[in-house]
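*Asks:* Pasting a structure here, questions to come.
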Amino acid sequence: MWQPDGWDVRVRLGVLTPHADVGPESELRAMAPLGVGLHAARVPFGGIGRGGAMDPTIPLAPVRAFAEPPGVDEAAELLAAAPVAAIAFAFTSSAYVIGARAEGHMLARLRERAQGLPVVATCAATVEALRALGVGRLALVDPPWFDETLNDLGRGYYEETGFEVPYAAPCGLPSGQTLIRPDALHDWVAAQVPDAAEAVVIGGNGFRAVGAIEALEATLGRPVLTANQTLLWAALRAAGAPVEGIDRYGRLFTTA
């Protein structure tokens, strides 16, 4: 991340992101406090085309393949050669497809390829954040381009890791990364979340959701976690950097 003269970068974080997706970098840079540098490596993803074009729903085969060697492993190895303190795997749906246990194996493999550098992943980070906030029941909202099968796999992921999921659904907004607006996302989520949910989890690193966190928490009176928010939180912790100076993106940064 560019810093004006006189502002020192005290910690640098690496980001593994789909090759044509700019969502993770945009949201991470919006939230990152001064002194945090972000450096992305592109990983081939068969579900997204030139200019970020996607089908209305993404197929499962390339989602699974994204987490497999060699693409992401080679990207992690190259990124680890830079002066970064931790690497963040900015992709939600592969964890849904392979499950929490396999996600753990993937992280161990990537850490080894990165010469022992800490590597954190979106869904594992969200689990850690939910536990830090003392949440046991969650509502899961995924991007419009996640179909019901992928969303059901997401529900299964969080149930596998010990949470109750009284509500899970893809968001009912138009399918397209550039079509998502914070006010529309706020209104849709606020109308759907049941009282039984102690927190809201918004999946998808390409889902532009961080702009709705503050308003949703004010409306619902509950923590709201998004993919890139929890990923940044976990990456800063893994890098040994204080999670401070982030006060507009949810309770996670101020209470956990």
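Residue numbering restarts at 1 in every chain; chains get A, B, ... in the order shown in the structure tokens, and ligands count up from 1 in that same order.
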Among region 50-230 of chain A, which residues does DSSP mark as strand (DSSP E) when it is run on the backbone? Keep the chain and numbering as in the structure and answer as a ChimeraX atom specification.

*Replies:* /A:86-89,119-121,137-142,164-170,199-202,224-226

*Asks:* Contacts of Leu16 (chain A) at 10 Å or less, counting only C-alpha atoms, minus same-chain residues fewer than 2 places along, as a list in words?

*Replies:*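 Returned residues: Gly14, Pro18, His19, Pro24, Glu25, His39, Ala40, Ala41, Arg42, Val43, Val72, Asp73, Ala75, Ala76, Leu79, Ile87, Ala88, Phe89, Ala90, Phe91, Val119 and Ala121 of chain A.
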
*Asks:* Separation of CA of Ala168 (chain A) and CA of Trp233 (chain A), in Å?

*Replies:* 23.5 Å

*Asks:* I want to know what sits within 10 Å of Pro223 (chain A), based on only C-alpha atoms, with residues of the same chain fewer than 2 positions away left out; could you give that as a list in words?

*Replies:*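 Skipping anything fewer than 2 positions along the chain leaves Leu130, Leu133, Val135, Leu138, Glu198, Ala199, Val200, Val201, Ile213, Glu214, Leu216, Glu217, Ala218, Leu220, Gly221, Leu225, Gly250, Arg251 and Leu252 of chain A.
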
*Asks:* Would you please work out which residue, of A:Thr161, A:Pro62, A:Gly240, A:Gly71, is nearest to Arg101 (chain A) when using only C-alpha atoms?

*Replies:*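 Smallest distance to Arg101 (chain A) is found for A:Thr161.
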
*Asks:* From the list A:Pro70, A:Gly104, A:Gly176, A:Pro242, which residue is nearest Arg208 (chain A) when using only C-alpha atoms?

*Replies:*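 For Arg208 (chain A), the nearest of the given residues is A:Gly176.
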